[in-house]
>>> print(open('coords.txt').read())   # compact mmCIF, C-alpha atoms and all ligand atoms
# COMPACT_ATOMS: atom_id res chain seq x y z
CA MET A 203 34.45 54.94 -54.99
CA PRO A 204 33.88 52.20 -52.40
CA LEU A 205 32.84 53.36 -48.96
CA ASP A 206 35.56 53.52 -46.33
CA LEU A 207 34.48 51.62 -43.21
CA SER A 208 37.99 51.19 -41.91
CA THR A 209 39.26 52.32 -38.55
CA THR A 210 42.39 52.10 -36.45
CA ILE A 211 42.56 50.44 -33.03
CA CYS A 212 45.76 49.90 -31.08
CA GLY A 213 47.67 51.40 -33.99
CA LYS A 214 46.41 48.60 -36.28
CA LYS A 215 44.18 49.19 -39.26
CA LEU A 216 40.86 47.31 -39.29
CA SER A 217 39.32 46.97 -42.77
CA THR A 218 35.88 47.48 -41.22
CA CYS A 219 35.04 49.08 -37.89
CA ILE A 220 32.86 46.10 -36.86
CA TYR A 221 34.34 43.06 -35.14
CA ASN A 222 33.46 40.40 -32.61
CA ALA A 223 33.23 40.81 -28.86
CA SER A 224 35.08 38.42 -26.62
CA GLY A 225 32.53 35.84 -25.51
CA PRO A 226 30.40 33.45 -27.51
CA ARG A 227 31.93 31.63 -30.50
CA THR A 228 35.44 32.86 -29.71
CA GLY A 229 36.85 29.99 -27.67
CA SER A 230 38.43 27.86 -30.41
CA SER A 231 40.45 28.39 -33.59
CA ASP A 232 37.58 26.81 -35.52
CA ALA A 233 35.15 29.47 -34.29
CA LEU A 234 37.67 32.30 -34.66
CA SER A 235 38.49 31.32 -38.26
CA LYS A 236 34.85 31.90 -39.19
CA VAL A 237 35.10 35.45 -37.85
CA ALA A 238 38.37 36.00 -39.73
CA SER A 239 36.73 34.84 -42.99
CA SER A 240 33.82 37.26 -42.58
CA ARG A 241 33.80 41.04 -42.99
CA SER A 242 34.73 41.46 -39.33
CA GLY A 243 37.58 44.00 -39.18
CA ALA A 244 39.49 42.05 -36.54
CA VAL A 245 39.32 38.91 -34.44
CA LEU A 246 39.14 38.88 -30.64
CA ALA A 247 39.53 35.66 -28.67
CA LYS A 248 37.60 34.56 -25.60
CA SER A 249 38.66 35.83 -22.18
CA ALA A 250 41.39 33.48 -21.03
CA THR A 251 42.57 32.37 -17.62
CA VAL A 252 46.03 30.98 -16.85
CA ASN A 253 44.80 27.40 -17.13
CA GLU A 254 42.06 25.74 -19.13
CA GLN A 255 38.75 25.57 -17.23
CA THR A 256 35.25 24.33 -17.88
CA GLY A 257 33.31 27.14 -16.20
CA ASN A 258 30.05 27.12 -14.24
CA PRO A 259 27.54 24.27 -14.23
CA LEU A 260 24.90 24.04 -16.99
CA PRO A 261 22.45 25.46 -17.85
CA ARG A 262 24.30 28.74 -17.72
CA THR A 263 22.92 30.73 -20.64
CA PHE A 264 19.45 31.73 -21.61
CA GLN A 265 17.86 33.70 -24.42
CA ALA A 266 14.77 35.60 -23.37
CA ASP A 267 12.19 36.75 -25.94
CA GLY A 268 14.77 38.03 -28.45
CA LYS A 269 15.39 41.14 -26.41
CA GLY A 270 17.86 39.98 -23.84
CA SER A 271 20.23 37.11 -23.14
CA LEU A 272 21.54 35.99 -19.80
CA ASN A 273 24.82 34.20 -19.19
CA SER A 274 26.84 32.97 -16.30
CA GLU A 275 29.45 30.86 -17.99
CA GLY A 276 32.20 31.34 -15.44
CA LEU A 277 34.95 31.77 -18.02
CA PRO A 278 35.13 28.40 -19.79
CA ASN A 279 38.25 28.65 -21.95
CA LYS A 280 41.25 26.69 -23.17
CA GLY A 281 43.84 28.60 -21.13
CA ILE A 282 46.04 31.47 -22.29
CA ASP A 283 48.73 29.25 -23.89
CA TYR A 284 46.16 27.96 -26.38
CA TYR A 285 45.20 31.47 -27.54
CA LEU A 286 48.88 32.43 -27.86
CA SER A 287 50.09 29.36 -29.72
CA GLN A 288 51.23 29.88 -33.30
CA ASP A 289 49.04 26.94 -34.37
CA THR A 290 45.94 28.61 -32.94
CA ILE A 291 46.83 31.96 -34.48
CA GLU A 292 47.49 30.43 -37.90
CA GLU A 293 44.37 28.25 -37.82
CA SER A 294 42.26 31.19 -36.68
CA MET A 295 43.60 33.96 -38.90
CA GLY A 296 44.71 32.07 -42.02
CA GLU A 297 45.71 34.53 -44.74
CA SER A 298 43.22 37.16 -43.59
CA GLY A 299 45.91 39.61 -42.52
CA LYS A 300 43.53 41.00 -39.90
CA PRO A 301 44.55 42.05 -36.40
CA TYR A 302 44.23 39.29 -33.80
CA PHE A 303 43.52 40.34 -30.22
CA VAL A 304 43.46 38.21 -27.11
CA SER A 305 41.43 38.83 -23.96
CA ILE A 306 42.31 37.96 -20.38
CA SER A 307 40.32 37.69 -17.18
CA GLY A 308 42.61 36.25 -14.53
CA HIS A 309 41.42 35.05 -11.15
CA ASN A 310 43.66 37.61 -9.47
CA LEU A 311 46.18 40.34 -10.22
CA ALA A 312 49.15 37.95 -10.24
CA ASP A 313 47.42 35.83 -12.91
CA ASN A 314 46.70 38.88 -15.04
CA LEU A 315 50.28 40.14 -14.77
CA ALA A 316 51.68 36.70 -15.61
CA MET A 317 49.44 36.43 -18.69
CA LEU A 318 50.30 39.96 -19.84
CA LYS A 319 54.02 39.19 -19.64
CA LYS A 320 53.51 36.08 -21.77
CA ILE A 321 51.38 37.88 -24.34
CA ASP A 322 53.88 40.68 -24.76
CA SER A 323 56.40 38.53 -26.59
CA VAL A 324 54.09 36.62 -28.92
CA ASP A 325 54.23 37.31 -32.66
CA GLY A 326 50.89 37.65 -34.37
CA VAL A 327 49.07 39.20 -31.39
CA SER A 328 48.03 42.78 -32.10
CA GLY A 329 46.90 43.67 -28.60
CA VAL A 330 45.24 42.47 -25.42
CA GLU A 331 41.90 43.30 -23.84
CA LEU A 332 42.05 43.18 -20.04
CA ASN A 333 38.62 42.27 -18.73
CA LEU A 334 37.88 44.29 -15.60
CA ALA A 335 34.18 43.56 -15.76
CA CYS A 336 33.33 39.87 -15.60
CA PRO A 337 30.28 39.48 -13.34
CA ASN A 338 30.14 35.70 -13.28
CA VAL A 339 33.01 34.32 -11.26
CA ILE A 340 31.65 33.13 -7.96
CA GLY A 341 33.23 35.05 -5.08
CA HIS A 342 34.83 37.69 -7.35
CA PRO A 343 33.12 41.10 -7.50
CA ILE A 344 33.46 43.19 -10.67
CA ILE A 345 36.90 44.87 -10.47
CA ALA A 346 35.95 48.08 -12.26
CA TYR A 347 33.16 48.78 -9.76
CA ASP A 348 35.82 49.12 -7.07
CA PHE A 349 37.78 52.18 -8.19
CA ASP A 350 40.63 51.66 -5.70
CA GLN A 351 41.13 48.09 -6.92
CA MET A 352 40.86 49.24 -10.54
CA ASP A 353 43.56 51.83 -9.84
CA ALA A 354 45.79 49.22 -8.17
CA VAL A 355 45.40 46.80 -11.09
CA LEU A 356 46.16 49.44 -13.72
CA SER A 357 49.08 50.76 -11.67
CA ALA A 358 50.65 47.29 -11.59
CA VAL A 359 49.91 46.73 -15.28
CA SER A 360 51.41 50.07 -16.28
CA LYS A 361 54.64 49.15 -14.46
CA LEU A 362 55.08 46.22 -16.87
CA LYS A 363 55.69 48.75 -19.66
CA LEU A 364 54.08 46.44 -22.21
CA GLN A 365 55.00 46.61 -25.88
CA LYS A 366 51.61 45.33 -26.95
CA PRO A 367 48.69 47.77 -26.90
CA LEU A 368 46.26 47.32 -24.04
CA GLY A 369 42.48 47.69 -24.04
CA VAL A 370 40.28 47.44 -20.96
CA LYS A 371 36.78 46.01 -20.90
CA LEU A 372 34.49 48.02 -18.64
CA PRO A 373 31.22 47.22 -16.94
CA PRO A 374 28.23 49.50 -17.49
CA TYR A 375 28.02 52.55 -15.24
CA PHE A 376 24.73 54.19 -14.42
CA ASP A 377 25.46 57.29 -12.40
CA GLY A 378 27.39 60.47 -13.14
CA PRO A 379 29.93 60.16 -10.29
CA HIS A 380 30.70 56.58 -11.29
CA PHE A 381 31.39 57.55 -14.91
CA ALA A 382 33.64 60.32 -13.64
CA ALA A 383 35.49 58.08 -11.17
CA ALA A 384 36.14 55.36 -13.77
CA ALA A 385 37.32 57.88 -16.37
CA LYS A 386 39.63 59.50 -13.81
CA VAL A 387 41.36 56.18 -13.12
CA LEU A 388 41.68 55.35 -16.83
CA ASN A 389 43.04 58.81 -17.65
CA LYS A 390 45.64 58.42 -14.90
CA TYR A 391 47.08 55.48 -16.88
CA LYS A 392 46.46 56.91 -20.34
CA SER A 393 50.01 56.23 -21.49
CA SER A 394 49.36 52.49 -20.96
CA ILE A 395 45.81 52.23 -22.31
CA SER A 396 44.89 52.19 -26.01
CA TYR A 397 41.16 51.70 -25.69
CA ALA A 398 38.25 51.19 -23.32
CA ALA A 399 35.52 48.77 -24.44
CA SER A 400 32.10 49.73 -23.08
CA ILE A 401 30.14 47.73 -22.00
CA ASN A 402 30.39 44.25 -20.63
CA THR A 403 27.09 42.60 -19.69
CA VAL A 404 24.82 44.24 -17.13
CA GLY A 405 25.76 42.08 -14.16
CA ASN A 406 23.53 40.08 -11.88
CA ALA A 407 20.30 40.09 -13.82
CA LEU A 408 17.71 37.40 -13.12
CA VAL A 409 15.33 35.66 -15.52
CA VAL A 410 12.46 33.83 -13.86
CA ASP A 411 10.81 30.77 -15.42
CA THR A 412 7.11 31.20 -14.67
CA VAL A 413 6.14 27.59 -15.37
CA ALA A 414 8.80 26.01 -13.18
CA GLU A 415 8.83 28.90 -10.68
CA MET A 416 12.61 28.95 -10.64
CA PRO A 417 15.52 30.88 -12.19
CA ALA A 418 16.23 30.20 -15.88
CA ILE A 419 19.89 29.34 -15.30
CA SER A 420 21.59 27.32 -12.62
CA PRO A 421 24.80 29.08 -11.40
CA LYS A 422 24.86 31.84 -8.77
CA GLY A 423 21.21 31.35 -7.83
CA GLY A 424 20.24 32.22 -11.40
CA PHE A 425 22.04 35.58 -11.46
CA GLY A 426 23.93 36.31 -14.68
CA GLY A 427 25.10 39.00 -17.07
CA LEU A 428 22.42 40.53 -19.29
CA SER A 429 23.26 41.24 -22.95
CA GLY A 430 21.51 41.82 -26.27
CA PRO A 431 19.10 44.57 -27.34
CA ALA A 432 17.94 45.09 -23.73
CA VAL A 433 21.29 46.71 -22.92
CA LYS A 434 21.85 48.77 -26.08
CA TYR A 435 20.70 52.10 -24.64
CA THR A 436 22.85 51.65 -21.54
CA ALA A 437 25.78 50.81 -23.81
CA LEU A 438 25.23 53.88 -26.01
CA ALA A 439 25.15 56.10 -22.92
CA ASN A 440 28.38 54.55 -21.64
CA VAL A 441 30.13 55.04 -24.97
CA LYS A 442 29.01 58.66 -25.20
CA LYS A 443 29.97 59.41 -21.59
CA MET A 444 33.32 57.69 -21.84
CA ARG A 445 34.11 59.46 -25.11
CA ASP A 446 33.32 62.78 -23.42
CA LEU A 447 35.36 62.04 -20.30
CA LEU A 448 38.36 60.04 -21.51
CA ASP A 449 41.58 61.52 -22.79
CA GLU A 450 41.47 61.67 -26.59
CA THR A 451 44.39 59.23 -26.80
CA ILE A 452 42.16 56.48 -25.38
CA ASP A 453 39.76 55.11 -27.98
CA VAL A 454 36.30 53.94 -26.98
CA VAL A 455 35.12 50.67 -28.48
CA GLY A 456 31.33 50.28 -28.36
CA VAL A 457 29.73 46.98 -27.43
CA GLY A 458 26.28 46.00 -26.18
CA GLY A 459 23.15 44.95 -28.07
CA VAL A 460 24.42 45.64 -31.58
CA GLU A 461 22.31 43.69 -34.06
CA THR A 462 22.15 45.86 -37.18
CA GLY A 463 24.12 48.36 -39.23
CA GLU A 464 21.89 51.06 -37.80
CA ASP A 465 22.87 50.05 -34.25
CA ALA A 466 26.53 50.26 -35.25
CA PHE A 467 25.93 53.69 -36.81
CA GLN A 468 24.47 54.93 -33.51
CA PHE A 469 27.53 53.73 -31.57
CA LEU A 470 29.84 55.44 -34.07
CA LEU A 471 27.83 58.69 -33.76
CA CYS A 472 28.38 58.47 -30.00
CA GLY A 473 32.12 58.38 -30.60
CA ALA A 474 33.03 54.69 -30.83
CA ALA A 475 36.22 54.07 -32.79
CA ALA A 476 34.94 50.55 -33.51
CA VAL A 477 31.95 48.42 -32.61
CA GLN A 478 31.96 44.87 -31.25
CA VAL A 479 29.17 42.33 -31.66
CA GLY A 480 28.63 39.62 -29.03
CA THR A 481 25.12 38.26 -28.51
CA LYS A 482 24.07 38.57 -32.15
CA HIS A 483 27.24 36.72 -33.17
CA TRP A 484 26.22 33.94 -30.80
CA ILE A 485 22.70 33.75 -32.23
CA GLU A 486 23.39 34.28 -35.92
CA GLY A 487 26.97 33.07 -36.33
CA ALA A 488 29.83 34.84 -38.10
CA LYS A 489 27.68 35.72 -41.09
CA CYS A 490 26.25 38.52 -38.92
CA PHE A 491 29.40 40.52 -39.66
CA ASP A 492 28.75 40.48 -43.42
CA ARG A 493 25.15 41.53 -42.83
CA ILE A 494 25.89 44.27 -40.30
CA VAL A 495 28.72 45.74 -42.40
CA GLY A 496 26.45 45.63 -45.49
CA GLU A 497 23.66 47.39 -43.59
CA LEU A 498 26.05 50.06 -42.35
CA GLU A 499 27.23 50.63 -45.93
CA GLU A 500 23.63 50.95 -47.09
CA LEU A 501 22.81 53.48 -44.39
CA MET A 502 25.95 55.51 -45.12
CA GLU A 503 25.11 55.54 -48.81
CA LYS A 504 21.56 56.75 -48.05
CA LYS A 505 22.94 59.51 -45.87
CA GLY A 506 25.69 60.44 -48.32
CA TYR A 507 28.62 59.49 -46.07
CA LYS A 508 31.71 58.10 -47.75
CA SER A 509 33.72 57.27 -44.66
CA VAL A 510 33.10 56.55 -40.99
CA GLY A 511 35.26 59.54 -40.04
CA GLU A 512 32.66 61.90 -41.51
CA PHE A 513 30.12 61.16 -38.77
CA ARG A 514 31.99 59.45 -35.95
CA GLY A 515 31.54 61.29 -32.64
CA LYS A 516 29.23 63.83 -34.24
CA LEU A 517 26.02 63.16 -32.31
CA LYS A 518 24.11 66.45 -32.48
CA PRO A 519 22.32 68.04 -29.54
CA TRP A 520 18.54 67.57 -29.50
CA SER A 521 16.76 70.28 -31.49
CA LYS A 522 13.22 71.11 -32.64
CA GLU A 523 14.45 71.08 -36.24
CA GLY A 524 15.92 67.61 -35.82
CA ALA A 525 12.74 66.26 -34.21
CA SER A 526 10.62 67.65 -37.01
CA LYS A 527 12.93 66.16 -39.67
CA SER A 528 12.72 62.79 -37.93
CA ARG A 529 8.90 62.94 -37.69
CA LYS A 530 8.61 63.73 -41.41
CA ALA A 531 10.98 60.89 -42.34
CA LYS A 532 8.97 58.44 -40.21
CA LYS A 533 5.72 59.53 -41.87
CA MET A 534 7.23 59.14 -45.35
CA SER A 535 8.44 55.62 -44.56
CA GLY A 536 5.11 54.63 -43.04
CA GLY A 537 6.66 54.46 -39.59
CA GLY A 538 5.52 56.49 -36.66
CA ASN A 539 5.59 56.92 -32.97
CA THR A 540 3.08 54.31 -31.83
CA ARG A 541 4.36 50.83 -31.01
CA ALA A 542 2.39 49.30 -33.89
CA GLU A 543 3.82 51.83 -36.32
CA GLN A 544 7.37 51.33 -35.12
CA ALA A 545 7.08 47.55 -35.30
CA LYS A 546 5.84 48.05 -38.88
CA ILE A 547 2.79 45.90 -38.16
CA PRO A 548 0.51 46.29 -41.17
CA VAL A 549 -2.52 48.04 -39.78
CA GLY A 550 -5.53 48.12 -42.12
CA LYS A 551 -8.18 50.82 -42.29
CA GLY A 552 -10.15 49.15 -39.51
CA GLY A 553 -7.28 49.63 -37.03
CA ILE A 554 -5.08 47.07 -35.25
CA LEU A 555 -7.85 44.69 -34.06
CA PRO A 556 -8.40 42.96 -37.44
CA THR A 557 -4.62 42.49 -37.75
CA ILE A 558 -4.49 40.76 -34.36
CA ILE A 559 -7.47 38.53 -35.23
CA VAL A 560 -5.94 37.53 -38.59
CA SER A 561 -2.58 36.82 -36.89
CA PHE A 562 -4.31 34.69 -34.27
CA LEU A 563 -6.20 32.65 -36.85
CA LEU A 564 -3.05 32.19 -38.93
CA GLY A 565 -1.19 31.06 -35.81
CA LEU A 566 -3.95 28.60 -34.99
CA LEU A 567 -3.85 27.22 -38.52
CA LEU A 568 -0.08 26.76 -38.52
CA ALA A 569 -0.04 25.25 -35.04
CA THR A 570 -2.73 22.77 -36.08
CA ALA A 571 -0.65 21.85 -39.11
CA GLY A 572 2.30 21.14 -36.79
CA PHE A 573 4.34 24.03 -38.13
CA SER A 574 7.34 24.95 -36.00
CA ALA A 575 10.36 27.11 -36.62
CA ALA A 576 13.10 28.40 -34.33
CA GLY A 577 11.74 26.28 -31.53
CA GLY A 578 8.18 27.46 -32.10
CA ASP A 579 9.10 31.03 -31.22
CA VAL A 580 7.76 32.72 -34.31
CA THR A 581 6.07 36.05 -33.97
CA MET A 582 3.43 36.99 -36.47
CA GLY A 583 2.09 40.48 -36.48
CA GLY A 584 3.10 40.79 -32.87
CA PHE A 585 1.31 37.59 -31.82
CA VAL A 586 3.23 34.59 -30.57
CA PRO A 587 1.43 31.42 -31.49
CA PHE A 588 1.80 28.77 -28.79
CA GLY A 589 5.58 29.09 -28.66
CA SER A 590 7.07 30.08 -25.36
CA LEU A 591 8.38 33.63 -25.27
CA LEU A 592 11.44 32.17 -23.62
CA LYS A 593 14.02 29.84 -25.07
CA ILE A 594 16.46 27.90 -22.94
CA HIS A 595 19.99 27.09 -24.01
CA ASP A 596 22.20 24.77 -22.05
CA GLY A 597 25.44 26.57 -22.79
CA LEU A 598 26.72 29.42 -24.94
CA GLU A 599 28.33 26.77 -27.06
CA GLY A 600 25.04 24.93 -27.30
CA ALA A 601 22.73 27.40 -29.00
CA ARG A 602 19.74 25.63 -30.48
CA MET A 603 18.85 27.19 -33.77
CA GLY A 604 16.08 25.96 -36.01
CA GLY A 605 16.00 22.77 -33.96
CA LYS A 606 19.63 21.96 -34.79
CA LYS A 607 22.09 21.86 -31.96
CA LYS A 608 25.39 23.63 -32.64
CA ARG A 609 28.34 23.11 -30.36
CA GLU A 610 30.94 25.82 -30.48
CA LEU A 611 33.06 27.17 -27.67
C1 LIG B 1 32.12 35.61 -18.80
C2 LIG B 1 31.21 36.62 -18.79
C3 LIG B 1 31.60 37.89 -19.12
O1 LIG B 1 30.73 38.92 -19.13
C4 LIG B 1 32.92 38.13 -19.43
O2 LIG B 1 33.30 39.36 -19.73
C5 LIG B 1 33.84 37.12 -19.43
C6 LIG B 1 33.43 35.84 -19.11
C7 LIG B 1 31.71 34.24 -18.42
O3 LIG B 1 30.77 34.07 -17.64
O4 LIG B 1 32.34 33.29 -18.90
>>> encode(input="coords.txt", output="structure tokens", more="lines below")
Ligand code: DHB
Amino acid sequence: MPLDLSTTICGKKLSTCIYNASGPRTGSSDALSKVASSRSGAVLAKSATVNEQTGNPLPRTFQADGKGSLNSEGLPNKGIDYYLSQDTIEESMGESGKPYFVSISGHNLADNLAMLKKIDSVDGVSGVELNLACPNVIGHPIIAYDFDQMDAVLSAVSKLKLQKPLGVKLPPYFDGPHFAAAAKVLNKYKSSISYAASINTVGNALVVDTVAEMPAISPKGGFGGLSGPAVKYTALANVKKMRDLLDETIDVVGVGGVETGEDAFQFLLCGAAAVQVGTKHWIEGAKCFDRIVGELEELMEKKGYKSVGEFRGKLKPWSKEGASKSRKAKKMSGGGNTRAEQAKIPVGKGGILPTIIVSFLLGLLLATAGFSAAGGDVTMGGFVPFGSLLKIHDGLEGARMGGKKKREL
């Protein structure tokens, strides 16, 4: 019996519970068709505005040390009509039969209402994600941090009595009263909301370039939204909290720092109905969906789960028994609680020092031989030979991978 990784969002069945986040590699039918051809359970387009726009000045994205990425794109997109056109939908979705979702992030309420009205009558659109959490538009604070404004927006949206299911993209919350206030507003409009996607990027982070003594990106004084593994734990907490606080009719979609099947498993345990992948999709391309789904299948098989429903939302409370089971499993697999053990750095009998020395010498040898991969940012045994820890990209669509420049909106 094949494993069942399917889920239902907005009343539509997704063949797998993993799909793309709105953001990188979602701005054109070419990019979206790659997602549709992968094992992604659905396809979600880039946040659209009423009209096409180019976004903030470059450089506006930055990948830091593999742990976090910063972006301040300022909503470059082709305009809502593009994402609603039958040509785009056909080119993007082909014969995949998967649900196609659009995302909107209007400059103001009137723009959002106008776009929602348009979307509501378009065949081939399974639902719409209303972005209440974009941190990067100059002069526009994050809507969902202002609970009165959030209420006003959702009140106006609910009056439209949309036929299409509506999701809302939320920013990360960090404090109990803020979780409670956001959930209260969402629950007030539960009859109009199908899902809440948690989280958008952690807004207004700053990466500093030590060499140049300046910010790593240009817009907004270098302030941008943080994504990637650095935000995963914040995202897990938001998913768990929202699942606990939201009415059961509102699904929670988990997003933030998902790179592996194990990450996805953790989000599902916390109650996510589905899991979106953003930054890793940007870095690895659409093949990440095949890998992540495969890894989730492997983990489920190991644990004896046949379907996602068997463990979704079933995060157990901490217990001594659980901690002891986890310690034993780590020991058996050669892992452990020290950083070296967790990073699976091979540590010989003589301890970690010989490993570091060997890594250093190997790095020296390769550097002398002119070896370079992934822009020289290759870690060996925890040592980074001569490559900068930081890699600059001049646009989300311009990720440099293995020295080859790829342009994709
Ligand atoms: C952008 C960033 C976001 O976090 C988002 O949700 C939408 C757009 C941007 O800068 O383009």
>>> atom_distance(input="coords.txt", atom1="CA of Gly213 (chain A)", atom2="CA of Asp449 (chain A)")
16.3 Å
>>> closest_residue(input="coords.txt", among="A:Leu447, A:Leu277, A:Val304, A:Ile452", to="ligand LIG 1 (chain B)", atoms="all atoms listed in the file")
A:Leu277
>>> closest_residue(input="coords.txt", among="A:Asn310, A:Asn389, A:Thr481, A:Asn338", to="ligand LIG 1 (chain B)", atoms="all atoms listed in the file")
A:Asn338
>>> closest_residue(input="coords.txt", among="A:Lys505, A:Lys363, A:Arg493, A:His342", to="ligand LIG 1 (chain B)", atoms="only C-alpha atoms and all ligand atoms")
A:His342
>>> closest_residue(input="coords.txt", among="A:Pro343, A:Gly378, A:Gly299, A:Gly430", to="Lys482 (chain A)", atoms="all atoms listed in the file")
A:Gly430
